[in-house]
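**Student:** Got a file for you: model08.cif, mmCIF, C-alpha atoms.
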```cif
data_start
loop_
_atom_site.label_atom_id
_atom_site.label_comp_id
_atom_site.auth_asym_id
_atom_site.auth_seq_id
_atom_site.Cartn_x
_atom_site.Cartn_y
_atom_site.Cartn_z
CA MET X 18 -45.27 -22.35 18.80
CA ALA X 19 -46.67 -19.04 17.65
CA GLN X 20 -49.13 -17.35 20.01
CA LEU X 21 -52.23 -17.25 17.78
CA THR X 22 -55.94 -17.08 18.55
CA ASP X 23 -58.66 -18.40 16.29
CA ASP X 24 -59.87 -14.89 15.41
CA CYS X 25 -56.57 -13.10 14.89
CA PHE X 26 -57.18 -12.87 11.14
CA ALA X 27 -60.83 -11.90 11.45
CA PHE X 28 -62.02 -9.39 8.88
CA SER X 29 -65.60 -8.62 7.90
CA GLY X 30 -65.16 -6.82 4.58
CA PRO X 31 -65.62 -8.36 1.13
CA LEU X 32 -62.08 -7.59 -0.07
CA LEU X 33 -59.09 -6.89 2.15
CA ARG X 34 -56.74 -4.15 1.01
CA LEU X 35 -53.04 -4.77 1.48
CA ASP X 36 -52.62 -1.86 3.87
CA ASP X 37 -55.44 -3.24 6.05
CA MET X 38 -53.91 -6.71 5.94
CA GLU X 39 -50.54 -5.43 7.15
CA ARG X 40 -52.24 -3.42 9.90
CA LEU X 41 -54.18 -6.48 11.12
CA ILE X 42 -50.99 -8.52 11.19
CA ARG X 43 -49.19 -5.87 13.25
CA GLU X 44 -52.08 -5.51 15.66
CA ARG X 45 -53.18 -9.11 16.16
CA ILE X 46 -50.11 -11.32 15.74
CA LEU X 47 -47.46 -11.75 18.42
CA PRO X 48 -43.92 -12.89 17.64
CA VAL X 49 -42.61 -16.22 18.85
CA ALA X 50 -41.50 -15.90 22.47
CA GLU X 51 -38.43 -18.15 22.51
CA ASN X 52 -34.95 -16.56 22.23
CA GLU X 53 -31.42 -17.88 21.98
CA HIS X 54 -27.88 -16.52 21.96
CA VAL X 55 -25.97 -17.03 18.72
CA PRO X 56 -22.32 -16.25 17.89
CA LEU X 57 -21.68 -13.46 15.41
CA HIS X 58 -20.49 -15.94 12.83
CA GLY X 59 -23.72 -17.44 11.56
CA ALA X 60 -25.98 -14.67 12.89
CA ARG X 61 -26.82 -13.23 9.46
CA GLY X 62 -30.56 -13.30 8.82
CA ARG X 63 -31.50 -13.75 12.48
CA VAL X 64 -33.82 -11.30 14.26
CA VAL X 65 -32.53 -9.30 17.24
CA ALA X 66 -34.66 -10.18 20.29
CA GLN X 67 -33.86 -7.16 22.48
CA ASP X 68 -32.15 -3.82 21.98
CA VAL X 69 -28.37 -4.13 21.77
CA LYS X 70 -26.53 -1.26 23.47
CA ALA X 71 -22.95 -0.23 22.84
CA PRO X 72 -20.74 -1.34 25.75
CA VAL X 73 -18.00 1.10 24.72
CA ASP X 74 -17.48 4.21 22.64
CA LEU X 75 -16.86 3.68 18.94
CA PRO X 76 -14.17 4.66 18.19
CA PRO X 77 -12.91 4.04 21.74
CA PHE X 78 -10.38 6.94 21.62
CA ASP X 79 -9.59 10.04 19.57
CA ASN X 80 -7.61 8.94 16.51
CA SER X 81 -6.31 10.09 13.17
CA ALA X 82 -8.42 9.55 10.06
CA VAL X 83 -5.40 9.86 7.72
CA ASP X 84 -1.67 9.38 7.41
CA GLY X 85 -0.10 12.74 8.14
CA TYR X 86 0.98 15.11 10.89
CA ALA X 87 -0.84 15.91 14.13
CA VAL X 88 -0.61 19.48 15.38
CA GLN X 89 -2.10 21.98 17.79
CA HIS X 90 -4.36 24.25 15.77
CA ALA X 91 -3.39 27.19 18.00
CA ASP X 92 0.22 26.93 16.67
CA LEU X 93 -0.84 27.59 13.07
CA GLN X 94 -0.42 30.88 11.25
CA ALA X 95 -3.81 32.14 10.05
CA ASP X 96 -2.56 33.93 6.91
CA LYS X 97 0.44 31.87 5.80
CA GLU X 98 2.03 28.44 5.98
CA THR X 99 3.57 27.25 9.22
CA LYS X 100 6.86 25.45 9.83
CA LEU X 101 6.96 22.98 12.71
CA ALA X 102 9.57 20.63 14.15
CA VAL X 103 8.66 16.92 14.01
CA SER X 104 8.91 15.72 17.60
CA GLY X 105 7.64 12.15 17.43
CA ARG X 106 6.00 9.31 15.51
CA LEU X 107 2.80 7.37 16.21
CA THR X 108 1.55 4.24 14.42
CA ALA X 109 -1.81 2.51 14.77
CA GLY X 110 -1.86 0.35 17.89
CA ALA X 111 1.19 2.01 19.46
CA ARG X 112 0.93 2.22 23.23
CA ALA X 113 3.23 5.20 23.58
CA ASN X 114 1.35 7.98 25.36
CA LEU X 115 2.91 10.90 23.51
CA ALA X 116 2.04 14.48 24.33
CA ILE X 117 2.62 17.13 21.71
CA LYS X 118 4.90 20.03 22.57
CA PRO X 119 3.93 23.58 21.58
CA GLY X 120 5.23 24.55 18.13
CA THR X 121 5.80 20.94 17.00
CA ALA X 122 4.11 18.24 14.92
CA ILE X 123 3.95 14.48 15.38
CA ARG X 124 4.09 12.07 12.46
CA ILE X 125 0.90 9.97 12.72
CA PHE X 126 -0.73 7.14 10.80
CA THR X 127 -4.36 6.25 10.19
CA GLY X 128 -6.03 4.84 13.28
CA ALA X 129 -3.29 5.90 15.68
CA ALA X 130 -4.39 7.55 18.93
CA MET X 131 -4.16 11.33 18.86
CA PRO X 132 -1.28 12.70 20.95
CA LYS X 133 -2.29 14.56 24.09
CA GLY X 134 -2.83 18.21 23.20
CA ALA X 135 -3.09 17.62 19.43
CA ASP X 136 -6.42 18.48 17.82
CA THR X 137 -5.86 18.63 14.04
CA VAL X 138 -4.19 16.41 11.42
CA PHE X 139 -2.70 17.45 8.07
CA MET X 140 -2.72 14.87 5.29
CA GLN X 141 0.80 13.85 4.30
CA GLU X 142 0.21 14.79 0.64
CA ASP X 143 -0.59 18.38 1.66
CA VAL X 144 2.65 19.12 3.52
CA THR X 145 6.34 19.57 2.69
CA VAL X 146 8.94 17.69 4.73
CA GLU X 147 12.54 18.83 5.04
CA GLY X 148 14.61 16.73 7.40
CA ASP X 149 13.04 16.93 10.85
CA ARG X 150 10.78 19.84 9.98
CA VAL X 151 7.40 19.96 8.22
CA THR X 152 5.73 22.90 6.49
CA VAL X 153 1.93 22.89 6.61
CA PRO X 154 -0.39 25.09 4.49
CA LYS X 155 -2.77 27.70 5.84
CA GLY X 156 -6.53 27.37 6.08
CA LEU X 157 -7.08 23.93 7.64
CA LYS X 158 -10.00 23.94 10.08
CA LEU X 159 -9.71 23.03 13.74
CA GLY X 160 -10.33 19.30 14.22
CA ALA X 161 -9.74 18.35 10.59
CA ASN X 162 -8.99 14.64 10.00
CA ARG X 163 -9.48 13.82 13.67
CA ARG X 164 -11.99 11.16 14.75
CA LEU X 165 -13.39 11.73 18.21
CA ALA X 166 -14.08 8.96 20.70
CA GLY X 167 -17.73 7.93 20.39
CA GLU X 168 -18.41 9.99 17.27
CA ASP X 169 -19.73 6.89 15.53
CA VAL X 170 -21.46 5.35 18.55
CA PRO X 171 -21.37 6.65 22.13
CA ALA X 172 -21.31 4.06 24.90
CA GLY X 173 -24.83 3.13 25.99
CA ALA X 174 -26.49 4.00 22.69
CA ILE X 175 -28.86 1.48 21.07
CA VAL X 176 -27.03 0.21 18.01
CA LEU X 177 -29.19 -2.78 17.03
CA PRO X 178 -32.86 -2.22 17.91
CA SER X 179 -35.08 -5.18 18.67
CA GLY X 180 -36.53 -6.51 15.42
CA THR X 181 -33.43 -5.82 13.33
CA VAL X 182 -32.79 -8.53 10.74
CA LEU X 183 -29.04 -9.00 10.96
CA GLU X 184 -26.99 -8.46 7.83
CA ALA X 185 -23.22 -8.29 7.33
CA GLN X 186 -23.03 -4.60 8.28
CA HIS X 187 -24.88 -5.17 11.57
CA ILE X 188 -22.58 -8.04 12.48
CA ALA X 189 -19.53 -5.91 11.66
CA LEU X 190 -20.83 -3.18 14.00
CA ALA X 191 -21.33 -5.70 16.80
CA ALA X 192 -17.80 -7.01 16.31
CA ALA X 193 -16.36 -3.48 16.34
CA LEU X 194 -17.98 -2.99 19.74
CA GLY X 195 -16.33 -6.15 21.07
CA LEU X 196 -19.46 -8.31 21.14
CA THR X 197 -19.18 -12.02 20.42
CA GLU X 198 -22.84 -13.08 20.44
CA ILE X 199 -26.34 -11.62 20.11
CA LEU X 200 -29.70 -12.60 21.62
CA VAL X 201 -32.07 -13.43 18.75
CA ARG X 202 -35.53 -14.89 18.23
CA ARG X 203 -35.63 -18.55 17.44
CA ARG X 204 -36.10 -19.44 13.80
CA LEU X 205 -39.63 -20.04 12.53
CA THR X 206 -40.69 -23.53 11.51
CA VAL X 207 -42.79 -23.69 8.36
CA ALA X 208 -44.44 -26.70 6.72
CA ILE X 209 -45.31 -26.55 3.02
CA PHE X 210 -47.15 -28.78 0.61
CA SER X 211 -48.80 -28.63 -2.77
CA THR X 212 -52.24 -29.99 -3.51
CA GLY X 213 -53.96 -31.36 -6.55
CA ASP X 214 -54.24 -34.66 -8.38
CA GLU X 215 -52.76 -32.99 -11.46
CA VAL X 216 -49.45 -32.14 -9.74
CA VAL X 217 -46.52 -34.58 -9.82
CA GLU X 218 -42.97 -34.57 -8.52
CA PRO X 219 -40.23 -33.41 -10.93
CA GLY X 220 -38.38 -36.43 -12.29
CA SER X 221 -41.34 -38.77 -11.96
CA VAL X 222 -43.49 -40.13 -14.75
CA ARG X 223 -45.88 -37.43 -15.91
CA ALA X 224 -49.27 -38.41 -17.30
CA GLY X 225 -50.70 -36.45 -20.19
CA ALA X 226 -52.83 -34.13 -18.04
CA ALA X 227 -50.31 -33.70 -15.20
CA ILE X 228 -47.84 -30.90 -14.47
CA TYR X 229 -44.58 -30.89 -12.56
CA ASP X 230 -44.71 -29.15 -9.21
CA SER X 231 -42.65 -25.94 -9.05
CA ASN X 232 -44.44 -24.20 -6.18
CA ARG X 233 -42.81 -26.14 -3.34
CA PHE X 234 -39.37 -25.37 -4.75
CA LEU X 235 -40.25 -21.70 -5.10
CA LEU X 236 -41.63 -21.52 -1.56
CA THR X 237 -38.70 -23.40 -0.03
CA GLU X 238 -36.16 -21.03 -1.54
CA LEU X 239 -38.13 -17.94 -0.51
CA LEU X 240 -38.69 -19.20 3.03
CA GLU X 241 -35.10 -20.28 3.62
CA ARG X 242 -33.90 -16.94 2.31
CA LEU X 243 -35.93 -15.38 5.13
CA GLY X 244 -34.38 -17.68 7.73
CA ALA X 245 -37.22 -20.18 8.22
CA ILE X 246 -36.73 -23.89 8.86
CA VAL X 247 -38.78 -25.58 6.15
CA THR X 248 -40.45 -28.99 6.20
CA ASP X 249 -41.50 -30.13 2.73
CA LEU X 250 -44.57 -32.35 3.08
CA GLY X 251 -44.72 -33.10 -0.64
CA ILE X 252 -47.83 -33.28 -2.79
CA LEU X 253 -51.19 -34.19 -1.27
CA ALA X 254 -54.08 -35.56 -3.27
CA ASP X 255 -57.51 -33.90 -3.39
CA ASP X 256 -58.90 -35.75 -0.40
CA PRO X 257 -60.40 -33.55 2.38
CA GLU X 258 -59.97 -36.19 5.08
CA LYS X 259 -56.30 -36.83 4.29
CA LEU X 260 -55.69 -33.11 3.94
CA SER X 261 -57.19 -32.45 7.37
CA ARG X 262 -55.11 -35.19 8.97
CA LYS X 263 -51.87 -33.89 7.42
CA LEU X 264 -52.66 -30.32 8.43
CA THR X 265 -53.33 -31.39 12.02
CA GLU X 266 -50.05 -33.30 12.16
CA ALA X 267 -48.12 -30.36 10.72
CA ALA X 268 -49.72 -27.84 13.09
CA ALA X 269 -48.42 -29.74 16.12
CA SER X 270 -44.79 -28.92 15.34
CA HIS X 271 -44.79 -25.84 13.10
CA ASP X 272 -45.49 -22.12 13.47
CA LEU X 273 -46.90 -21.78 9.97
CA ILE X 274 -48.34 -24.04 7.28
CA ILE X 275 -48.39 -22.92 3.65
CA THR X 276 -50.22 -24.70 0.86
CA SER X 277 -50.52 -23.87 -2.80
CA GLY X 278 -53.60 -24.70 -4.81
CA GLY X 279 -57.10 -25.68 -3.76
CA VAL X 280 -58.24 -22.50 -1.98
CA SER X 281 -60.58 -20.85 -4.47
CA THR X 282 -64.32 -21.47 -4.64
CA GLY X 283 -64.31 -24.24 -7.23
CA GLU X 284 -65.89 -27.61 -6.56
CA ALA X 285 -62.51 -29.35 -6.79
CA ASP X 286 -60.75 -27.01 -4.35
CA TYR X 287 -60.57 -29.07 -1.16
CA VAL X 288 -58.06 -27.26 1.05
CA ARG X 289 -60.57 -24.75 2.32
CA ASP X 290 -62.96 -27.50 3.46
CA ALA X 291 -60.12 -29.45 5.01
CA VAL X 292 -58.97 -26.51 7.12
CA GLU X 293 -62.48 -25.67 8.26
CA ARG X 294 -62.87 -29.24 9.57
CA ILE X 295 -60.06 -28.79 12.08
CA GLY X 296 -59.64 -25.05 12.57
CA LYS X 297 -60.94 -21.65 11.71
CA LEU X 298 -60.45 -20.19 8.26
CA VAL X 299 -61.27 -16.63 7.39
CA PHE X 300 -61.16 -16.54 3.63
CA TRP X 301 -59.44 -13.32 2.74
CA ARG X 302 -60.16 -12.32 -0.81
CA VAL X 303 -57.20 -9.97 -0.85
CA ALA X 304 -57.50 -7.00 -3.20
CA ILE X 305 -54.42 -7.94 -5.17
CA LYS X 306 -53.64 -9.14 -8.70
CA PRO X 307 -52.31 -11.67 -9.41
CA GLY X 308 -53.38 -13.79 -6.47
CA ARG X 309 -56.74 -12.73 -5.08
CA PRO X 310 -57.72 -16.14 -3.61
CA VAL X 311 -55.56 -16.23 -0.47
CA ALA X 312 -56.82 -18.07 2.61
CA LEU X 313 -55.60 -17.32 6.11
CA GLY X 314 -56.54 -18.99 9.33
CA VAL X 315 -55.45 -20.81 12.45
CA ILE X 316 -55.21 -24.53 13.11
CA PRO X 317 -55.44 -25.28 16.86
CA THR X 318 -53.08 -27.68 18.60
CA GLN X 319 -53.28 -29.71 21.81
CA SER X 320 -50.94 -27.25 23.51
CA GLY X 321 -53.57 -24.54 23.10
CA GLN X 322 -51.39 -22.52 20.77
CA GLY X 323 -52.38 -22.37 17.15
CA ALA X 324 -50.35 -22.68 13.98
CA ALA X 325 -50.97 -20.07 11.33
CA PHE X 326 -52.28 -21.30 7.99
CA VAL X 327 -51.91 -19.62 4.60
CA GLY X 328 -53.41 -21.11 1.47
CA LEU X 329 -51.94 -19.64 -1.71
CA PRO X 330 -53.23 -19.89 -5.29
CA GLY X 331 -51.94 -22.64 -7.53
CA ASN X 332 -50.39 -20.61 -10.35
CA PRO X 333 -46.67 -20.03 -9.71
CA VAL X 334 -46.60 -16.28 -10.49
CA ALA X 335 -49.55 -15.76 -8.16
CA VAL X 336 -47.68 -17.81 -5.54
CA PHE X 337 -44.67 -15.51 -5.87
CA VAL X 338 -46.64 -12.26 -5.69
CA THR X 339 -48.83 -13.34 -2.79
CA PHE X 340 -45.81 -14.67 -0.92
CA VAL X 341 -43.84 -11.43 -1.09
CA ARG X 342 -46.86 -9.23 -0.39
CA VAL X 343 -48.97 -11.39 1.96
CA VAL X 344 -46.87 -14.17 3.49
CA LYS X 345 -43.68 -12.18 4.00
CA PRO X 346 -45.30 -9.54 6.27
CA LEU X 347 -46.81 -12.36 8.34
CA LEU X 348 -43.45 -14.13 8.56
CA ARG X 349 -41.67 -10.98 9.64
CA ARG X 350 -44.24 -10.34 12.36
CA LEU X 351 -44.11 -13.93 13.64
CA SER X 352 -40.30 -13.79 13.71
CA GLY X 353 -40.25 -10.50 15.60
CA ALA X 354 -38.74 -8.55 12.70
CA ARG X 355 -39.75 -4.96 12.05
CA PRO X 356 -42.05 -4.42 9.03
CA ASP X 357 -40.46 -4.18 5.61
CA LYS X 358 -39.80 -0.74 4.19
CA LEU X 359 -40.76 -1.35 0.59
CA VAL X 360 -40.14 1.90 -1.27
CA PRO X 361 -41.02 1.67 -4.99
CA LEU X 362 -38.44 3.45 -7.14
CA PRO X 363 -39.78 5.85 -9.78
CA VAL X 364 -39.34 4.72 -13.39
CA ARG X 365 -41.10 5.59 -16.64
CA ALA X 366 -43.74 3.27 -18.07
CA ALA X 367 -43.15 2.29 -21.69
CA PHE X 368 -46.68 0.89 -22.12
CA ALA X 369 -50.35 1.64 -21.51
CA TYR X 370 -52.30 -0.28 -18.88
CA LYS X 371 -55.82 -0.35 -17.44
CA LYS X 372 -56.87 -1.86 -14.12
CA LYS X 373 -59.82 -2.08 -11.75
CA LYS X 374 -60.20 0.47 -8.99
CA ASP X 375 -59.69 -0.60 -5.35
CA ARG X 376 -57.23 -3.34 -6.26
CA ARG X 377 -53.43 -3.32 -5.96
CA GLU X 378 -51.90 -4.76 -9.12
CA TYR X 379 -48.40 -5.95 -9.85
CA VAL X 380 -47.03 -6.09 -13.38
CA ARG X 381 -43.82 -7.91 -14.31
CA VAL X 382 -41.39 -5.64 -16.16
CA ALA X 383 -37.86 -5.47 -17.49
CA LEU X 384 -35.89 -2.24 -17.21
CA LYS X 385 -33.94 -0.51 -19.97
CA ARG X 386 -32.32 2.87 -20.46
CA ALA X 387 -34.12 4.99 -23.04
CA PRO X 388 -32.24 7.21 -25.57
CA ASP X 389 -32.88 10.26 -23.36
CA GLY X 390 -31.20 8.53 -20.39
CA GLU X 391 -34.40 7.75 -18.48
CA ILE X 392 -35.01 4.27 -17.03
CA GLU X 393 -38.07 2.72 -18.68
CA ALA X 394 -40.15 -0.29 -17.65
CA LEU X 395 -41.22 -2.72 -20.37
CA LYS X 396 -44.13 -5.04 -19.62
CA HIS X 397 -43.53 -8.72 -20.24
CA PRO X 398 -45.53 -9.77 -23.32
CA GLN X 399 -47.13 -12.71 -21.46
CA ASP X 400 -48.76 -11.72 -18.20
CA GLY X 401 -50.65 -14.90 -17.26
CA ALA X 402 -50.28 -16.09 -13.66
CA GLY X 403 -48.89 -19.41 -14.88
CA ILE X 404 -46.06 -17.98 -17.04
CA LEU X 405 -42.93 -18.67 -15.00
CA THR X 406 -40.66 -17.09 -17.62
CA SER X 407 -42.39 -13.80 -16.91
CA LEU X 408 -40.45 -13.91 -13.62
CA THR X 409 -37.13 -15.13 -15.00
CA GLU X 410 -37.07 -12.68 -17.93
CA THR X 411 -37.91 -9.55 -15.95
CA ASP X 412 -36.26 -7.42 -13.24
CA GLY X 413 -39.16 -6.80 -10.88
CA LEU X 414 -42.74 -5.62 -10.45
CA LEU X 415 -44.50 -2.35 -11.06
CA GLU X 416 -46.90 -1.58 -8.22
CA PHE X 417 -50.13 0.13 -9.26
CA PRO X 418 -52.06 1.51 -6.23
CA GLU X 419 -55.75 0.90 -5.58
CA ASP X 420 -56.91 4.35 -6.71
CA VAL X 421 -55.14 4.17 -10.10
CA THR X 422 -57.14 2.84 -13.07
CA THR X 423 -55.21 4.00 -16.14
CA ILE X 424 -51.49 4.18 -16.86
CA GLU X 425 -50.34 5.95 -19.99
CA PRO X 426 -46.95 5.57 -21.70
CA GLY X 427 -44.50 8.00 -20.14
CA ALA X 428 -46.19 7.98 -16.72
CA ARG X 429 -44.09 7.80 -13.56
CA VAL X 430 -44.69 4.44 -11.88
CA GLY X 431 -43.31 2.62 -8.85
CA PHE X 432 -40.82 -0.22 -9.42
CA LEU X 433 -39.96 -2.96 -6.89
CA SER X 434 -36.95 -5.11 -7.75
CA TYR X 435 -37.04 -8.82 -7.07
CA ALA X 436 -34.04 -8.35 -4.75
CA ALA X 437 -36.01 -5.88 -2.63
CA LEU X 438 -39.11 -8.10 -2.60
CA ILE X 439 -37.44 -11.34 -1.53
CA GLY X 440 -34.56 -9.99 0.57
#
```
Could you quickly redo this structure as structure tokens?
**Tutor:**
Amino acid sequence: MAQLTDDCFAFSGPLLRLDDMERLIRERILPVAENEHVPLHGARGRVVAQDVKAPVDLPPFDNSAVDGYAVQHADLQADKETKLAVSGRLTAGARANLAIKPGTAIRIFTGAAMPKGADTVFMQEDVTVEGDRVTVPKGLKLGANRRLAGEDVPAGAIVLPSGTVLEAQHIALAAALGLTEILVRRRLTVAIFSTGDEVVEPGSVRAGAAIYDSNRFLLTELLERLGAIVTDLGILADDPEKLSRKLTEAAASHDLIITSGGVSTGEADYVRDAVERIGKLVFWRVAIKPGRPVALGVIPTQSGQGAAFVGLPGNPVAVFVTFVRVVKPLLRRLSGARPDKLVPLPVRAAFAYKKKKDRREYVRVALKRAPDGEIEALKHPQDGAGILTSLTETDGLLEFPEDVTTIEPGARVGFLSYAALIG
């Protein structure tokens, strides 16, 4: 279980800014302690548990970067082309330990070990071959087209720092170094459920005032994309006692519990009361739109370790935004991953917008190329937090910082693609 205390989310201010939220998570949350070795195949998405050091140089020997001819640079004429006898041939993987003779060249292929004494390689398309002699042009620099042992990675260097989320390129690097497995953090376990008497399962009979539940499907896909093991607890009715019992049961075997709906201050929002019966809930009114009502807390367990709790709003767009900007940083910290580096890309706003000060706002936009070649962001015409098509018909979110209140057409704004937000 996650190592959580009942005050790890404590915050005394009226509204929590996103930067403060991320700082509190970094400072007060510890990653899960359990590790396991996993083979390279299947390691994508796992979090490196301790620094991985290179056991060997990469490349492990000096080799040719091209097909061509290996020479000694000292044999070359500085002001004219040079003719050299071809004294040997080396292919990639050949074990022959050739040494180059003065005044000669050796035919060599990409990846082949450099002959002893050779220090420069001419590309085959730049030379002229006549029988057993080759003519090379003037002007090639010493060391050209030669890859030195360890120039990519020297032996002993840290190649995969602790906290790295493994992707295909990381796994390829590990394989190139001869590794077969990596020590990683165990996967997080997350329980999810929706609340509300108005929410019903897709495919079931829907009464006139009911809606089909989409939030659990959204959360499951987002969580599994981040490597979590998800338990779907279904839809729970608005009953504080039943909610408390289900939360207690889920906390016993999960690192994190996520609910959607029922966490605002309305009379029919029961999740907050249910959590406070069994644990400690610090209601973070996060300074974010959409999605201000986000509840965070800890539900204690008999083992003495608590499960984290996050209560998200009920509207699906608010669920998405608060997940990628509130839940995801918490997940990464719990899993031992380094913080996200979300870098908004500059685009041009094609609309005017006004917002409140001291609140981070996210606006769904589609991108297009304007006649002058600039990339412009077009705001979706429907921006309600319940409009799911505003997510499917757009490319990402514009991020408007807390100190900004007015955006004029033509202004430079920061764009975050959905791929960057959920990856």
**Student:** With stretch 201-206 of chain X as the partner and 12 Å as the cut-off, tabulate the residues of stretch 67-162 of chain X that qualify, each row holding the nearest pair of atoms and their distance in Å to one decimal, using only C-alpha atoms, sorted by chain and rising number, as a Markdown table.
**Tutor:**
```
| residue | atom | partner | partner_atom | distance |
| --- | --- | --- | --- | --- |
| X:Gln67 | CA | X:Val201 | CA | 7.5 |
| X:Asp68 | CA | X:Val201 | CA | 10.1 |
| X:Val69 | CA | X:Val201 | CA | 10.5 |
```
**Student:** Hey, what's within 12 Å of X:Ala185 if we count all atoms listed in the file and toss same-chain stuff fewer than 3 positions away? As a tab-separated table (two decimals) with C-alpha atoms, in the frame of the given file, please?
**Tutor:**
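Listed below is the output, result_33.tsv:
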```tsv
chain	number	residue	atom	x	y	z
X	57	LEU	CA	-21.68	-13.46	15.41
X	58	HIS	CA	-20.49	-15.94	12.83
X	59	GLY	CA	-23.72	-17.44	11.56
X	60	ALA	CA	-25.98	-14.67	12.89
X	61	ARG	CA	-26.82	-13.23	9.46
X	62	GLY	CA	-30.56	-13.30	8.82
X	63	ARG	CA	-31.50	-13.75	12.48
X	182	VAL	CA	-32.79	-8.53	10.74
X	188	ILE	CA	-22.58	-8.04	12.48
X	189	ALA	CA	-19.53	-5.91	11.66
X	190	LEU	CA	-20.83	-3.18	14.00
X	191	ALA	CA	-21.33	-5.70	16.80
X	192	ALA	CA	-17.80	-7.01	16.31
```
**Student:** Smallest atom-to-atom distance to X:Ile424: which of X:Thr152, X:Val380, X:Arg342, X:Val327, using all atoms listed in the file?
**Tutor:**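 Closest candidate: X:Val380.
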**Student:** To one decimal place in Å, what is the distance between atom CA of X:Ala95 and atom CA of X:Phe78?
**Tutor:**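 Answer for the atom CA of X:Ala95 to atom CA of X:Phe78 separation: 28.5 Å.
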**Student:** Residues picked by the PyMOL selection byres ((chain X and resi 304) around 7) here, as a list in words?
**Tutor:**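 Checked against the file, the PyMOL selection byres ((chain X and resi 304) around 7) matches Leu32, Leu33, Arg34, Leu35, Arg302, Val303, Ile305, Arg309, Arg376 and Arg377 of chain X.
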**Student:** Could you give me, as a list of chain:residue names, the residues within 6 Å of stretch 314-320 of chain X, counting all atoms listed in the file and dropping anything in the same chain fewer than 3 positions from it?
**Tutor:**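 My reading of the contact set: X:Asp23, X:Ala269, X:Gly296, X:Lys297, X:Leu298, X:Val299, X:Gly323, X:Ala324, X:Ala325, X:Phe326.
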**Student:** Residues of the last selection are to be written out with C-alpha atoms, as a PDB file, in the frame of the given file.
**Tutor:**
```pdb
ATOM      1  CA  ASP X  23     -58.660 -18.400  16.290  1.00  0.00           C
ATOM      2  CA  ALA X 269     -48.420 -29.740  16.120  1.00  0.00           C
ATOM      3  CA  GLY X 296     -59.640 -25.050  12.570  1.00  0.00           C
ATOM      4  CA  LYS X 297     -60.940 -21.650  11.710  1.00  0.00           C
ATOM      5  CA  LEU X 298     -60.450 -20.190   8.260  1.00  0.00           C
ATOM      6  CA  VAL X 299     -61.270 -16.630   7.390  1.00  0.00           C
ATOM      7  CA  GLY X 323     -52.380 -22.370  17.150  1.00  0.00           C
ATOM      8  CA  ALA X 324     -50.350 -22.680  13.980  1.00  0.00           C
ATOM      9  CA  ALA X 325     -50.970 -20.070  11.330  1.00  0.00           C
ATOM     10  CA  PHE X 326     -52.280 -21.300   7.990  1.00  0.00           C
TER      11      PHE X 326
END
```
**Student:** Could you tell me which residues the PyMOL selection byres ((chain X and resi 256) around 10) grabs in this file, written as a ChimeraX atom specification?
**Tutor:** /X:212-214,253-255,257-261,285-288,290-291
**Student:** Which residues are near X:Val341? Cut-off 10 Å, only C-alpha atoms, ignore same chain within fewer than 2 positions. Put them as a VMD selection string.
**Tutor:** chain X and resid 239 336 to 339 343 to 347 435 437 to 440
**Student:** Record the distance separating atom CA of X:Val103 and atom CA of X:Thr145, expressed in Å with one decimal.
**Tutor:**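 Atom-to-atom, atom CA of X:Val103 to atom CA of X:Thr145, that is 11.9 Å.
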**Student:** From (-55.3, 2.5, -21.4), in the file's coordinates, out to 12 Å: which residues are reached, counting all atoms listed in the file? Answer as a list of chain:residue names.
**Tutor:** X:Phe368, X:Ala369, X:Tyr370, X:Lys371, X:Lys372, X:Lys373, X:Val421, X:Thr422, X:Thr423, X:Ile424, X:Glu425, X:Pro426, X:Ala428
**Student:** Let me make sure I understand: among X:Leu405, X:Val360, X:Ala227, X:Ala245, which one has the smallest atom-to-atom distance to X:Arg381 if we use all atoms listed in the file?
**Tutor:**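 Closest residue, counting all atoms listed in the file: X:Leu405.
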**Student:** Specify as a PDB file with C-alpha atoms, keeping the file's coordinate frame each residue included when the PyMOL selection byres ((chain X and resi 151) around 10) is applied to this file.
**Tutor:**
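Heads up, here's the output in part_4.pdb:
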```pdb
ATOM      1  CA  TYR X  86       0.980  15.110  10.890  1.00  0.00           C
ATOM      2  CA  THR X  99       3.570  27.250   9.220  1.00  0.00           C
ATOM      3  CA  LYS X 100       6.860  25.450   9.830  1.00  0.00           C
ATOM      4  CA  LEU X 101       6.960  22.980  12.710  1.00  0.00           C
ATOM      5  CA  ALA X 102       9.570  20.630  14.150  1.00  0.00           C
ATOM      6  CA  VAL X 103       8.660  16.920  14.010  1.00  0.00           C
ATOM      7  CA  THR X 121       5.800  20.940  17.000  1.00  0.00           C
ATOM      8  CA  ALA X 122       4.110  18.240  14.920  1.00  0.00           C
ATOM      9  CA  ILE X 123       3.950  14.480  15.380  1.00  0.00           C
ATOM     10  CA  ARG X 124       4.090  12.070  12.460  1.00  0.00           C
ATOM     11  CA  GLN X 141       0.800  13.850   4.300  1.00  0.00           C
ATOM     12  CA  VAL X 144       2.650  19.120   3.520  1.00  0.00           C
ATOM     13  CA  THR X 145       6.340  19.570   2.690  1.00  0.00           C
ATOM     14  CA  VAL X 146       8.940  17.690   4.730  1.00  0.00           C
ATOM     15  CA  GLU X 147      12.540  18.830   5.040  1.00  0.00           C
ATOM     16  CA  GLY X 148      14.610  16.730   7.400  1.00  0.00           C
ATOM     17  CA  ASP X 149      13.040  16.930  10.850  1.00  0.00           C
ATOM     18  CA  ARG X 150      10.780  19.840   9.980  1.00  0.00           C
ATOM     19  CA  THR X 152       5.730  22.900   6.490  1.00  0.00           C
ATOM     20  CA  VAL X 153       1.930  22.890   6.610  1.00  0.00           C
TER      21      VAL X 153
END
```
